[in-house]
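Pasted below: upload-v8.txt, compact mmCIF, C-alpha atoms.
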```
# COMPACT_ATOMS: atom_id res chain seq x y z
CA MET W 20 0.00 0.00 0.00
CA ASP W 21 1.39 3.45 -0.91
CA VAL W 22 2.62 5.96 1.65
CA SER W 23 -0.40 8.26 1.28
CA THR W 24 -2.84 5.48 2.20
CA LYS W 25 -0.72 4.46 5.20
CA PHE W 26 -0.75 8.09 6.26
CA LEU W 27 -4.54 8.22 6.05
CA VAL W 28 -4.88 5.32 8.46
CA SER W 29 -3.12 7.34 11.18
CA PHE W 30 -4.80 10.46 9.89
CA VAL W 31 -8.24 8.95 10.49
CA THR W 32 -7.54 6.85 13.55
CA PHE W 33 -5.94 9.58 15.60
CA LEU W 34 -8.00 12.46 14.20
CA LEU W 35 -5.16 14.19 12.45
CA PHE W 36 -2.68 14.20 15.32
CA ILE W 37 -0.18 13.14 12.69
CA PHE W 38 -0.37 16.74 11.54
CA SER W 39 0.54 18.03 14.98
CA ARG W 40 3.55 15.72 15.03
CA ALA W 41 4.62 17.03 11.65
CA GLN W 42 4.27 20.61 12.88
CA ARG W 43 6.15 19.98 16.11
CA SER W 44 9.04 18.34 14.25
CA ASN W 45 9.35 21.49 12.09
CA SER W 46 8.54 19.56 8.94
CA THR W 47 8.77 21.59 5.76
CA ASN W 48 5.98 19.60 4.15
CA LYS W 49 3.75 22.07 2.33
CA ASN W 50 0.67 20.27 3.69
CA SER W 51 1.63 20.46 7.36
CA ILE W 52 -0.50 22.71 9.54
CA GLU W 53 0.30 24.86 12.49
CA LEU W 54 -1.25 24.72 15.94
CA GLY W 55 -3.82 27.48 16.26
CA SER W 56 -4.82 27.48 12.59
CA SER W 57 -8.39 27.05 11.37
CA ILE W 58 -10.54 26.60 8.28
CA VAL W 59 -13.97 28.06 7.55
CA ALA W 60 -17.01 26.32 6.04
CA GLY W 61 -17.86 27.67 2.61
CA THR W 62 -14.32 28.81 1.70
CA ASN W 63 -13.40 25.61 -0.17
CA SER W 64 -10.33 25.20 2.03
CA SER W 65 -9.05 21.96 3.58
CA TRP W 66 -5.96 20.32 5.03
CA LYS W 67 -4.32 17.79 2.73
CA SER W 68 -2.46 14.57 3.44
CA PRO W 69 1.23 14.69 2.36
CA PHE W 70 0.59 13.37 -1.16
CA GLY W 71 -2.79 15.09 -1.54
CA ASP W 72 -4.82 11.89 -1.92
CA PHE W 73 -6.99 12.77 1.08
CA ALA W 74 -8.30 15.94 2.62
CA PHE W 75 -9.74 16.94 5.97
CA GLY W 76 -12.09 19.88 6.29
CA PHE W 77 -15.67 20.95 5.67
CA TYR W 78 -17.33 18.54 3.25
CA PRO W 79 -20.18 20.25 1.32
CA LEU W 80 -23.67 18.73 1.34
CA VAL W 81 -26.48 19.30 -1.16
CA SER W 82 -28.36 21.15 1.60
CA THR W 83 -25.63 23.87 1.66
CA HIS W 84 -24.54 22.52 5.04
CA TYR W 85 -21.16 20.94 5.81
CA LEU W 86 -19.70 17.94 7.57
CA VAL W 87 -16.33 17.94 9.29
CA GLY W 88 -14.88 14.99 7.46
CA ILE W 89 -12.18 13.19 5.51
CA TRP W 90 -12.52 12.35 1.83
CA PHE W 91 -10.65 11.07 -1.22
CA ASP W 92 -9.53 14.37 -2.73
CA LYS W 93 -8.00 13.38 -6.09
CA ILE W 94 -11.09 11.80 -7.62
CA PRO W 95 -14.07 13.75 -9.03
CA GLN W 96 -16.55 12.13 -6.62
CA LYS W 97 -14.64 13.38 -3.53
CA THR W 98 -15.91 10.28 -1.71
CA LEU W 99 -16.40 10.83 2.04
CA VAL W 100 -14.88 8.16 4.30
CA TRP W 101 -15.45 9.63 7.77
CA SER W 102 -17.27 12.50 9.44
CA ALA W 103 -17.43 13.87 12.96
CA ASN W 104 -20.86 15.55 12.86
CA ARG W 105 -22.99 13.43 10.54
CA GLY W 106 -26.09 14.13 12.62
CA ASP W 107 -25.44 17.85 13.08
CA PRO W 108 -24.15 19.49 9.87
CA ALA W 109 -22.50 22.91 10.12
CA ARG W 110 -23.55 26.04 8.26
CA ILE W 111 -21.51 28.40 6.12
CA GLY W 112 -19.19 30.42 8.33
CA SER W 113 -18.62 27.67 10.91
CA THR W 114 -14.97 27.08 11.76
CA ASN W 115 -12.80 24.06 12.49
CA ASN W 116 -9.98 25.08 14.82
CA PHE W 117 -6.75 23.17 15.39
CA THR W 118 -6.12 24.46 18.89
CA VAL W 119 -2.79 25.10 20.54
CA LYS W 120 -3.52 22.01 22.64
CA GLY W 121 -3.58 19.85 19.51
CA GLN W 122 -7.36 19.34 19.55
CA PHE W 123 -9.93 19.94 16.86
CA LEU W 124 -12.79 22.22 17.84
CA LEU W 125 -15.87 22.72 15.66
CA GLN W 126 -17.47 26.10 16.25
CA HIS W 127 -20.90 26.62 14.71
CA VAL W 128 -22.05 30.03 13.50
CA ASN W 129 -24.37 30.24 16.51
CA ARG W 130 -21.21 30.09 18.68
CA THR W 131 -21.88 26.61 20.08
CA SER W 132 -18.69 24.52 20.09
CA VAL W 133 -18.10 20.80 19.74
CA LEU W 134 -14.79 19.15 20.63
CA ILE W 135 -13.98 16.41 18.15
CA ASP W 136 -13.13 13.48 20.40
CA ASN W 137 -9.66 12.02 20.49
CA GLU W 138 -11.30 8.60 20.50
CA PHE W 139 -11.96 7.70 16.88
CA ARG W 140 -15.42 6.39 15.96
CA PHE W 141 -16.06 4.79 12.59
CA THR W 142 -18.97 6.00 10.47
CA ASP W 143 -19.83 3.84 7.42
CA THR W 144 -16.37 3.03 6.03
CA ILE W 145 -13.11 1.27 6.88
CA LEU W 146 -9.87 1.62 4.94
CA PRO W 147 -6.80 -0.58 4.39
CA GLY W 148 -4.83 -0.86 7.60
CA GLN W 149 -7.91 -0.43 9.83
CA THR W 150 -9.47 -3.07 12.06
CA LEU W 151 -12.93 -3.50 13.57
CA ASN W 152 -12.65 -5.03 17.02
CA MET W 153 -15.38 -6.79 18.99
CA GLY W 154 -18.04 -4.27 19.93
CA GLN W 155 -17.19 -1.86 17.10
CA MET W 156 -19.69 -0.96 14.40
CA LEU W 157 -20.26 0.73 11.06
CA PHE W 158 -23.52 2.61 10.42
CA SER W 159 -24.90 3.32 6.95
CA ASN W 160 -25.86 6.75 5.66
CA ALA W 161 -29.55 7.57 5.55
CA ASN W 162 -29.63 8.23 1.80
CA GLY W 163 -26.52 7.80 -0.32
CA THR W 164 -24.78 11.09 -1.03
CA GLN W 165 -27.93 13.08 -0.28
CA ASP W 166 -28.21 12.49 3.47
CA TYR W 167 -25.13 11.45 5.46
CA SER W 168 -26.94 11.19 8.80
CA THR W 169 -27.06 7.75 10.43
CA GLY W 170 -29.28 5.40 8.45
CA GLN W 171 -30.99 2.17 9.48
CA TYR W 172 -28.28 -0.41 8.79
CA LYS W 173 -25.42 -1.53 10.99
CA LEU W 174 -22.46 -3.88 10.66
CA GLU W 175 -21.17 -5.04 14.04
CA VAL W 176 -18.49 -7.37 15.32
CA GLN W 177 -20.61 -8.54 18.22
CA LYS W 178 -19.00 -8.17 21.60
CA SER W 179 -20.98 -11.09 23.00
CA ASP W 180 -19.77 -13.82 20.64
CA GLY W 181 -17.58 -12.40 17.85
CA ASN W 182 -20.15 -12.94 15.11
CA ILE W 183 -20.06 -10.26 12.39
CA VAL W 184 -23.68 -9.27 11.78
CA ILE W 185 -25.47 -6.87 9.43
CA SER W 186 -28.89 -5.75 10.64
CA ALA W 187 -31.66 -3.19 10.21
CA PHE W 188 -31.06 -2.07 13.78
CA ARG W 189 -33.90 0.48 13.94
CA PHE W 190 -36.35 -2.43 13.59
CA ALA W 191 -34.88 -4.54 16.42
CA ASP W 192 -33.63 -6.85 13.68
CA PRO W 193 -31.42 -9.76 14.82
CA GLY W 194 -29.67 -9.65 11.44
CA TYR W 195 -30.06 -10.75 7.81
CA TRP W 196 -26.37 -11.59 7.15
CA ASP W 197 -23.64 -12.92 9.40
CA SER W 198 -20.16 -14.41 9.21
CA LYS W 199 -21.03 -17.38 11.43
CA THR W 200 -17.97 -16.65 13.54
CA ASN W 201 -19.84 -16.85 16.84
CA SER W 202 -18.50 -18.70 19.88
CA ASN W 203 -15.17 -16.89 19.59
CA THR W 204 -13.56 -14.59 22.13
CA SER W 205 -11.13 -12.39 20.21
CA VAL W 206 -12.56 -11.65 16.76
CA ARG W 207 -11.30 -8.80 14.60
CA LEU W 208 -12.36 -7.75 11.11
CA ILE W 209 -9.14 -6.83 9.31
CA PHE W 210 -8.67 -4.76 6.15
CA ASN W 211 -5.13 -5.82 5.31
CA ASN W 212 -2.86 -2.91 4.44
CA LYS W 213 -0.56 -4.87 2.11
CA THR W 214 -2.96 -7.20 0.30
CA SER W 215 -6.21 -5.17 0.57
CA PHE W 216 -8.03 -8.36 1.57
CA LEU W 217 -10.91 -8.30 4.08
CA TYR W 218 -11.04 -11.18 6.55
CA ALA W 219 -11.81 -12.05 10.17
CA VAL W 220 -9.40 -13.54 12.67
CA ASN W 221 -9.83 -14.98 16.14
CA GLY W 222 -6.64 -14.10 17.90
CA THR W 223 -4.10 -14.85 15.18
CA HIS W 224 -6.11 -17.52 13.33
CA ASN W 225 -7.99 -16.69 10.14
CA ILE W 226 -11.61 -17.82 10.57
CA PHE W 227 -13.52 -16.07 7.76
CA ASN W 228 -12.54 -14.71 4.34
CA MET W 229 -14.50 -12.01 2.53
CA THR W 230 -12.31 -10.83 -0.35
CA THR W 231 -11.35 -13.55 -2.84
CA GLU W 232 -9.23 -11.49 -5.22
CA VAL W 233 -8.11 -7.91 -5.87
CA PRO W 234 -6.52 -6.40 -9.00
CA ASN W 235 -2.77 -5.96 -9.01
CA PRO W 236 -0.79 -4.00 -8.29
CA VAL W 237 -2.95 -2.93 -5.36
CA GLU W 238 -1.03 0.37 -5.11
CA ASN W 239 -2.64 1.52 -8.35
CA TYR W 240 -6.07 1.63 -6.73
CA TYR W 241 -7.87 3.38 -3.92
CA HIS W 242 -9.65 0.92 -1.62
CA ARG W 243 -12.53 1.17 0.84
CA ALA W 244 -15.19 -1.06 2.45
CA THR W 245 -18.55 0.56 3.16
CA ILE W 246 -21.97 -0.38 4.46
CA ASN W 247 -24.32 1.52 2.17
CA ASP W 248 -27.83 2.90 2.56
CA ARG W 249 -29.22 -0.27 0.92
CA GLY W 250 -27.85 -2.38 3.77
CA ASN W 251 -25.05 -4.03 1.80
CA PHE W 252 -21.44 -4.23 2.99
CA GLN W 253 -19.19 -3.87 -0.06
CA GLN W 254 -15.49 -3.65 -0.85
CA LEU W 255 -14.77 -1.16 -3.64
CA ILE W 256 -11.77 -0.04 -5.69
CA TYR W 257 -11.03 3.06 -7.79
CA LEU W 258 -8.25 3.17 -10.40
CA LYS W 259 -6.04 6.14 -9.51
CA GLU W 260 -5.01 6.96 -13.08
CA GLY W 261 -7.91 7.17 -15.48
CA GLY W 262 -10.54 5.77 -13.13
CA LYS W 263 -14.12 6.90 -13.62
CA ASP W 264 -16.04 5.33 -10.74
CA TRP W 265 -15.88 2.92 -7.81
CA THR W 266 -16.09 -0.78 -8.69
CA VAL W 267 -17.43 -3.45 -6.33
CA ILE W 268 -15.05 -6.42 -5.97
CA TRP W 269 -16.83 -8.12 -3.05
CA GLN W 270 -20.20 -7.77 -1.33
CA ALA W 271 -22.01 -9.50 1.49
CA ILE W 272 -25.45 -9.40 -0.16
CA THR W 273 -26.00 -10.73 -3.68
CA GLN W 274 -29.82 -10.52 -3.63
CA PRO W 275 -30.69 -6.96 -2.52
CA CYS W 276 -34.30 -7.72 -1.61
CA THR W 277 -33.08 -10.08 1.13
CA VAL W 278 -32.01 -7.02 3.12
CA ASN W 279 -34.50 -6.60 5.95
CA ALA W 280 -36.73 -3.50 5.94
CA ILE W 281 -35.29 -2.40 2.59
CA CYS W 282 -38.69 -1.02 1.55
CA GLY W 283 -40.02 -0.22 5.01
CA VAL W 284 -43.18 -1.34 6.75
CA TYR W 285 -45.85 -2.67 4.35
CA GLY W 286 -43.41 -2.11 1.49
CA PHE W 287 -42.77 -4.61 -1.28
CA CYS W 288 -39.31 -5.19 -2.79
CA THR W 289 -38.54 -6.47 -6.28
CA SER W 290 -35.20 -6.65 -8.10
CA PRO W 291 -35.32 -7.70 -11.74
CA ASP W 292 -31.53 -7.92 -12.06
CA ASN W 293 -30.45 -8.70 -8.47
CA SER W 294 -28.71 -5.34 -8.49
CA THR W 295 -31.25 -2.52 -8.40
CA VAL W 296 -34.03 -2.29 -5.83
CA ASN W 297 -37.60 -1.35 -6.73
CA CYS W 298 -39.87 -0.49 -3.81
CA SER W 299 -43.64 -0.32 -3.98
CA CYS W 300 -46.54 -0.85 -1.57
CA LEU W 301 -48.41 -4.05 -0.93
CA PRO W 302 -51.99 -4.07 -2.31
CA GLY W 303 -54.22 -1.94 -0.06
CA TYR W 304 -51.41 0.28 1.24
CA THR W 305 -50.21 3.80 0.44
CA SER W 306 -46.67 5.18 0.38
CA PHE W 307 -45.58 7.60 3.10
CA ASP W 308 -43.50 9.52 0.60
CA PRO W 309 -44.00 8.97 -3.16
CA ASN W 310 -40.54 10.45 -3.72
CA SER W 311 -38.90 7.97 -1.33
CA LEU W 312 -40.71 4.64 -1.47
CA SER W 313 -38.15 3.00 0.80
CA LYS W 314 -39.74 4.85 3.74
CA GLY W 315 -42.56 2.33 3.71
CA CYS W 316 -46.32 2.42 3.51
CA TYR W 317 -49.45 2.58 5.64
CA PRO W 318 -52.93 1.05 5.26
CA SER W 319 -55.06 3.14 2.90
CA VAL W 320 -57.94 2.38 5.26
CA ALA W 321 -58.03 0.36 8.47
CA VAL W 322 -60.88 -2.11 8.61
CA ASP W 323 -61.70 -3.75 11.93
CA PHE W 324 -62.94 -7.14 10.78
CA CYS W 325 -63.15 -8.30 14.40
CA ALA W 326 -65.63 -5.65 15.52
CA ALA W 327 -68.90 -7.01 16.89
CA ASN W 328 -70.94 -5.48 14.04
CA ALA W 329 -68.35 -6.17 11.34
CA ASN W 330 -69.45 -8.13 8.31
CA SER W 331 -66.49 -10.34 7.43
CA SER W 332 -68.00 -11.64 4.23
CA ALA W 333 -65.96 -11.75 1.06
CA SER W 334 -67.85 -8.70 -0.22
CA ASN W 335 -65.82 -6.54 2.16
CA PHE W 336 -62.38 -7.66 0.98
CA THR W 337 -60.47 -9.64 -1.57
CA VAL W 338 -57.49 -11.91 -1.09
CA GLU W 339 -54.90 -11.03 -3.72
CA GLN W 340 -52.19 -13.43 -4.79
CA ILE W 341 -48.57 -12.46 -5.50
CA GLN W 342 -46.69 -15.27 -7.20
CA ASN W 343 -43.06 -16.10 -6.30
CA ALA W 344 -43.21 -13.79 -3.27
CA ASP W 345 -42.59 -14.20 0.44
CA ILE W 346 -42.81 -12.31 3.73
CA PRO W 347 -40.00 -13.96 5.71
CA ASN W 348 -39.95 -13.17 9.41
CA ASN W 349 -38.67 -14.43 12.70
CA ILE W 350 -40.72 -17.44 13.82
CA PHE W 351 -42.38 -15.41 16.57
CA PHE W 352 -43.90 -13.10 13.94
CA ASP W 353 -45.88 -15.92 12.36
CA LEU W 354 -49.45 -15.96 13.55
CA GLN W 355 -49.98 -19.64 12.80
CA ARG W 356 -48.47 -22.48 10.76
CA ILE W 357 -50.90 -24.85 9.06
CA ASP W 358 -49.57 -28.03 7.47
CA SER W 359 -51.13 -29.97 4.59
CA SER W 360 -52.42 -26.77 2.96
CA ASP W 361 -53.04 -25.76 -0.63
CA LEU W 362 -53.77 -22.39 -2.22
CA ASP W 363 -57.52 -22.59 -1.64
CA SER W 364 -57.31 -23.64 2.00
CA CYS W 365 -54.63 -21.05 2.76
CA SER W 366 -56.78 -18.32 1.16
CA LYS W 367 -59.74 -19.40 3.28
CA GLU W 368 -57.57 -19.17 6.41
CA VAL W 369 -56.85 -15.54 5.56
CA MET W 370 -60.51 -14.86 4.79
CA ASN W 371 -61.91 -16.50 7.92
CA ASP W 372 -59.42 -15.14 10.47
CA CYS W 373 -60.30 -11.55 11.38
CA PHE W 374 -56.82 -11.04 12.86
CA CYS W 375 -55.00 -12.21 9.73
CA MET W 376 -54.13 -9.83 6.88
CA ALA W 377 -51.61 -11.98 5.02
CA ALA W 378 -50.21 -15.46 4.58
CA VAL W 379 -47.54 -17.22 2.56
CA LEU W 380 -47.90 -20.69 1.05
CA ILE W 381 -44.57 -22.55 0.92
CA ASP W 382 -44.85 -26.06 -0.50
CA SER W 383 -47.82 -27.40 1.48
CA VAL W 384 -47.46 -25.17 4.54
CA CYS W 385 -49.56 -22.04 5.08
CA TYR W 386 -47.80 -19.40 7.22
CA LYS W 387 -50.28 -16.83 8.51
CA LYS W 388 -48.53 -13.52 9.22
CA ARG W 389 -48.86 -11.01 12.02
CA THR W 390 -49.18 -7.33 11.27
CA PRO W 391 -47.55 -4.99 10.57
CA LEU W 392 -46.04 -6.66 7.53
CA LEU W 393 -42.31 -6.31 6.96
CA ASN W 394 -39.84 -7.73 4.40
CA ALA W 395 -42.37 -8.59 1.68
CA ARG W 396 -40.39 -9.33 -1.47
CA ILE W 397 -39.75 -11.16 -4.69
CA SER W 398 -36.17 -12.41 -4.72
CA ILE W 399 -35.51 -15.15 -7.23
CA PRO W 400 -34.54 -17.92 -6.66
CA GLU W 401 -35.10 -17.63 -2.89
CA THR W 402 -38.83 -16.89 -3.19
CA SER W 403 -39.54 -19.06 -6.23
CA ASN W 404 -42.69 -21.21 -6.10
CA ARG W 405 -44.06 -19.36 -3.09
CA VAL W 406 -47.36 -17.50 -3.04
CA THR W 407 -48.13 -14.51 -0.86
CA LEU W 408 -51.77 -13.80 -0.02
CA ILE W 409 -52.84 -10.29 1.01
CA LYS W 410 -56.26 -9.37 2.42
CA VAL W 411 -57.29 -6.12 0.73
CA PRO W 412 -60.30 -4.20 2.16
CA GLN W 413 -62.90 -3.17 -0.40
CA VAL W 414 -64.05 0.21 0.91
CA LEU W 415 -66.24 1.92 -1.63
CA GLN W 416 -67.29 5.55 -1.60
CA GLU W 417 -70.72 4.72 -0.17
CA ASP W 418 -69.07 2.74 2.67
CA LYS W 419 -67.49 5.85 4.18
CA ASN W 420 -70.67 6.61 6.14
CA ASP W 421 -70.74 3.17 7.74
CA SER W 422 -70.33 2.52 11.44
CA PRO W 423 -66.94 3.66 12.77
CA SER W 424 -66.43 0.19 14.21
CA ARG W 425 -66.45 -1.20 10.69
CA VAL W 426 -64.37 1.30 8.74
CA VAL W 427 -61.80 3.65 10.27
CA LEU W 428 -60.23 6.17 7.89
CA ILE W 429 -56.58 6.95 8.64
CA VAL W 430 -56.16 10.49 9.96
CA GLU W 431 -52.46 10.35 10.76
CA GLY W 432 -51.56 7.27 8.78
CA GLN W 433 -47.82 7.74 8.91
CA HIS W 434 -47.75 6.98 12.65
CA VAL W 435 -49.96 3.89 12.66
CA PRO W 436 -47.66 1.17 11.27
CA TYR W 437 -44.74 2.21 13.45
CA LEU W 438 -46.92 2.07 16.55
CA LEU W 439 -48.14 -1.35 15.50
CA LEU W 440 -44.59 -2.47 14.82
CA CYS W 441 -43.46 -1.37 18.28
CA LEU W 442 -46.36 -3.24 19.89
CA GLN W 443 -45.60 -6.32 17.79
CA LEU W 444 -41.91 -6.25 18.71
CA LEU W 445 -42.85 -5.96 22.38
CA LEU W 446 -45.14 -8.95 22.05
CA SER W 447 -42.34 -10.91 20.37
CA ILE W 448 -39.95 -10.13 23.22
CA ILE W 449 -42.53 -11.25 25.78
CA ILE W 450 -43.14 -14.50 23.89
CA GLN W 451 -39.42 -15.20 23.63
CA HIS W 452 -39.04 -14.54 27.35
CA PHE W 453 -41.63 -17.17 28.23
CA VAL W 454 -40.26 -19.64 25.72
CA ILE W 455 -36.75 -19.30 27.13
CA SER W 456 -38.04 -19.47 30.70
```
Would you mind writing the file's structure down as structure tokens?
Amino acid sequence: MDVSTKFLVSFVTFLLFIFSRAQRSNSTNKNSIELGSSIVAGTNSSWKSPFGDFAFGFYPLVSTHYLVGIWFDKIPQKTLVWSANRGDPARIGSTNNFTVKGQFLLQHVNRTSVLIDNEFRFTDTILPGQTLNMGQMLFSNANGTQDYSTGQYKLEVQKSDGNIVISAFRFADPGYWDSKTNSNTSVRLIFNNKTSFLYAVNGTHNIFNMTTEVPNPVENYYHRATINDRGNFQQLIYLKEGGKDWTVIWQAITQPCTVNAICGVYGFCTSPDNSTVNCSCLPGYTSFDPNSLSKGCYPSVAVDFCAANANSSASNFTVEQIQNADIPNNIFFDLQRIDSSDLDSCSKEVMNDCFCMAAVLIDSVCYKKRTPLLNARISIPETSNRVTLIKVPQVLQEDKNDSPSRVVLIVEGQHVPYLLLCLQLLLSIIIQHFVIS
């Protein structure tokens, strides 16, 4: 690995104290900085690494705000690899001060100050030469290069058992990908500085390989490993001379719709090429935000089929079929499992159970699902030959004057599914507690 990349490792890990050492040793490097100097957001100024491959300063956002961060500076994309204030962007005129004590102090335009901690915390990326130890994590961005605040996905080297797990942590998700390195006591995820390979070790023994090959010579490429806003952990390279974009050379997820909560509550994920993700709503549900379908959906109307005066006949709803689709969940989220079923009998189970809004037929087993519905998807070949059944209320215009116990129109629909999800998760925890006990 070239000298500039090695420099960045120290540059990131120790929050630029390498610069203070260069200043104190009276280095004549043109990129060294002096104690007491500062840079201002909006002035397009930054502090460079010795060979100029990386820069530290105010990284501009599309919102005209800025992050105190580190980025690849010699490529057009100016890819961000770390930031100190991802949840609290600074405005034009804010300053980043390198104090006489060798600390970095962010001062917002409203005069509030934030000391950038000496203890380094990863954001969404690791670089060659860096290591994730047990208990350390990476968190995705909320929305690609548009929103760098903390998203909903996390990669963690679990402190409890050493398993490396990717999860949709905002949904109390136990994980949708893991390295199966549990039952170990000293696991580290290593991004090797010389070979640019990603792998896990327990102590000094290699126990899990991620990267299978990298282009040579490795010094001709920039390297990074990032958990992205689609919940995938990927290793990427960028050709230094003549490169046009980042190229994925390894990734944890090969079927993007298998990422939990990728389309939100009541969302439906499809991927025609196992690369792009298309989010829509299940039948009978409406998107929270038509411009961001990954935020999930809510019931267009809420029908209480279990009310005392409710008419649960088929005239009030239909059961729609989605071929080659599934709603995979933890076992405690299944309402009921019925063996020796076929499509007709499974549909009748959905129709006749006032608590059931969906089911999935896998082979000859009917899995009735609890609400709210999460992780509905078509992901071939995983979901091939499965049929998802969705109960869709038929609420016509003349029905809107019916008894409130029969039809409840959503007033603040965006809050309903999340409340239901929280209640469902609580119920799951209670069930697991009694099962374990």
Contacts of W:Arg356 at 12 Å (all atoms listed in the file; same-chain gap of 5+ positions) as number ranges by chain: W: 350-351, 365, 368, 378-381, 383-389
Residue with smallest distance to W:Thr150 - pool W:Leu208, W:Val176, W:Val119, W:Leu99, counting only C-alpha atoms: W:Leu208
Pick from W:Gly286, W:Asn239, W:Ala344, W:Thr204, whichever lies nearest to W:Asp308 using all atoms listed in the file: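 Selected residue with least distance to W:Asp308: W:Gly286.
Surrounding stretch 399-406 of chain W within 9 Å are Gln274, Thr277, Ser290, Pro291, Asn293, Gln340, Ile341, Gln342, Asn343, Ala344, Asp345, Leu362, Ala378, Val379, Leu380, Ile381, Asp382 and Arg396 of chain W, with only C-alpha atoms counted and residues fewer than 3 positions along the same chain left out.
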Between atom CA of W:Gln126 and atom CA of W:Pro79, distance in Å (one decimal):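 Between these atoms lies a distance of 16.3 Å.
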Can you find the residues with an atom no farther than 6 Å from (-20.9, 28.8, 13.4), counting all atoms listed in the file, and report them as a short mmCIF file (atom, residue, chain, number, x, y, z; two decimals) with C-alpha atoms, in the coordinates of the input?
```
data_model
loop_
_atom_site.label_atom_id
_atom_site.label_comp_id
_atom_site.auth_asym_id
_atom_site.auth_seq_id
_atom_site.Cartn_x
_atom_site.Cartn_y
_atom_site.Cartn_z
CA GLY W 112 -19.19 30.42 8.33
CA SER W 113 -18.62 27.67 10.91
CA GLN W 126 -17.47 26.10 16.25
CA HIS W 127 -20.90 26.62 14.71
CA VAL W 128 -22.05 30.03 13.50
CA ASN W 129 -24.37 30.24 16.51
CA ARG W 130 -21.21 30.09 18.68
#
```
Which residue of W:Ile89, W:Gly261, W:Glu238, W:Arg207 approaches W:Thr223 most closely, using all atoms listed in the file: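 Residue with the minimum atom-to-atom distance to W:Thr223: W:Arg207.
Of the residues under consideration (W:Trp269, W:Phe141, W:Trp196, W:Phe374), W:Trp269 shows the shortest atom-to-atom contact distance to W:Phe216 when counting only C-alpha atoms.
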Atomic distance atom CA of W:Ser364 - atom CA of W:Phe324, expressed in Å with one decimal: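 Here the two named atoms are 19.5 Å from each other.
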Coordinates-based distance that separates atom CA of W:Tyr167 from atom CA of W:Asn115 (Å, one decimal):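 Atom CA of W:Asn115 sits 19.0 Å away from atom CA of W:Tyr167.
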Among the residues W:Thr164, W:Ser319, W:Ser313, W:Gln413, the one that comes closest to W:Cys288 [using all atoms listed in the file]: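 The closest residue to W:Cys288 is W:Ser313.
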Best match for closeness to W:Gln171 among W:Asn225, W:Asn279, W:Asn203, W:Thr407, counting only C-alpha atoms: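 Of all the options, W:Asn279 lies closest to W:Gln171.
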Determine, counting all atoms listed in the file, which protein, DNA and RNA residues have an atom within 12 Å of an atom of W:Phe227; residues of the same chain fewer than 3 positions away are not included. Present the result as a JSON list (two decimals) with C-alpha atoms, in the frame of the given file.
```
[["chain", "number", "residue", "atom", "x", "y", "z"],
["W", 181, "GLY", "CA", -17.58, -12.40, 17.85],
["W", 182, "ASN", "CA", -20.15, -12.94, 15.11],
["W", 183, "ILE", "CA", -20.06, -10.26, 12.39],
["W", 197, "ASP", "CA", -23.64, -12.92, 9.40],
["W", 198, "SER", "CA", -20.16, -14.41, 9.21],
["W", 199, "LYS", "CA", -21.03, -17.38, 11.43],
["W", 200, "THR", "CA", -17.97, -16.65, 13.54],
["W", 201, "ASN", "CA", -19.84, -16.85, 16.84],
["W", 203, "ASN", "CA", -15.17, -16.89, 19.59],
["W", 206, "VAL", "CA", -12.56, -11.65, 16.76],
["W", 207, "ARG", "CA", -11.30, -8.80, 14.60],
["W", 208, "LEU", "CA", -12.36, -7.75, 11.11],
["W", 209, "ILE", "CA", -9.14, -6.83, 9.31],
["W", 216, "PHE", "CA", -8.03, -8.36, 1.57],
["W", 217, "LEU", "CA", -10.91, -8.30, 4.08],
["W", 218, "TYR", "CA", -11.04, -11.18, 6.55],
["W", 219, "ALA", "CA", -11.81, -12.05, 10.17],
["W", 220, "VAL", "CA", -9.40, -13.54, 12.67],
["W", 221, "ASN", "CA", -9.83, -14.98, 16.14],
["W", 224, "HIS", "CA", -6.11, -17.52, 13.33],
["W", 230, "THR", "CA", -12.31, -10.83, -0.35],
["W", 231, "THR", "CA", -11.35, -13.55, -2.84]]
```
Exercise: stretch 60-75 of chain W partners within 6 Å, all atoms listed in the file, chain neighbours under 5 positions left out, as number ranges by chain: W: 23, 50, 88-93, 111-113
Within-9 Å shell of (-51.5, -7.7, 11.8) in input frame, only C-alpha atoms, as JSON, numbers by chain: {"W": [354, 374, 375, 376, 377, 388, 389, 390, 391, 392, 439, 443]}
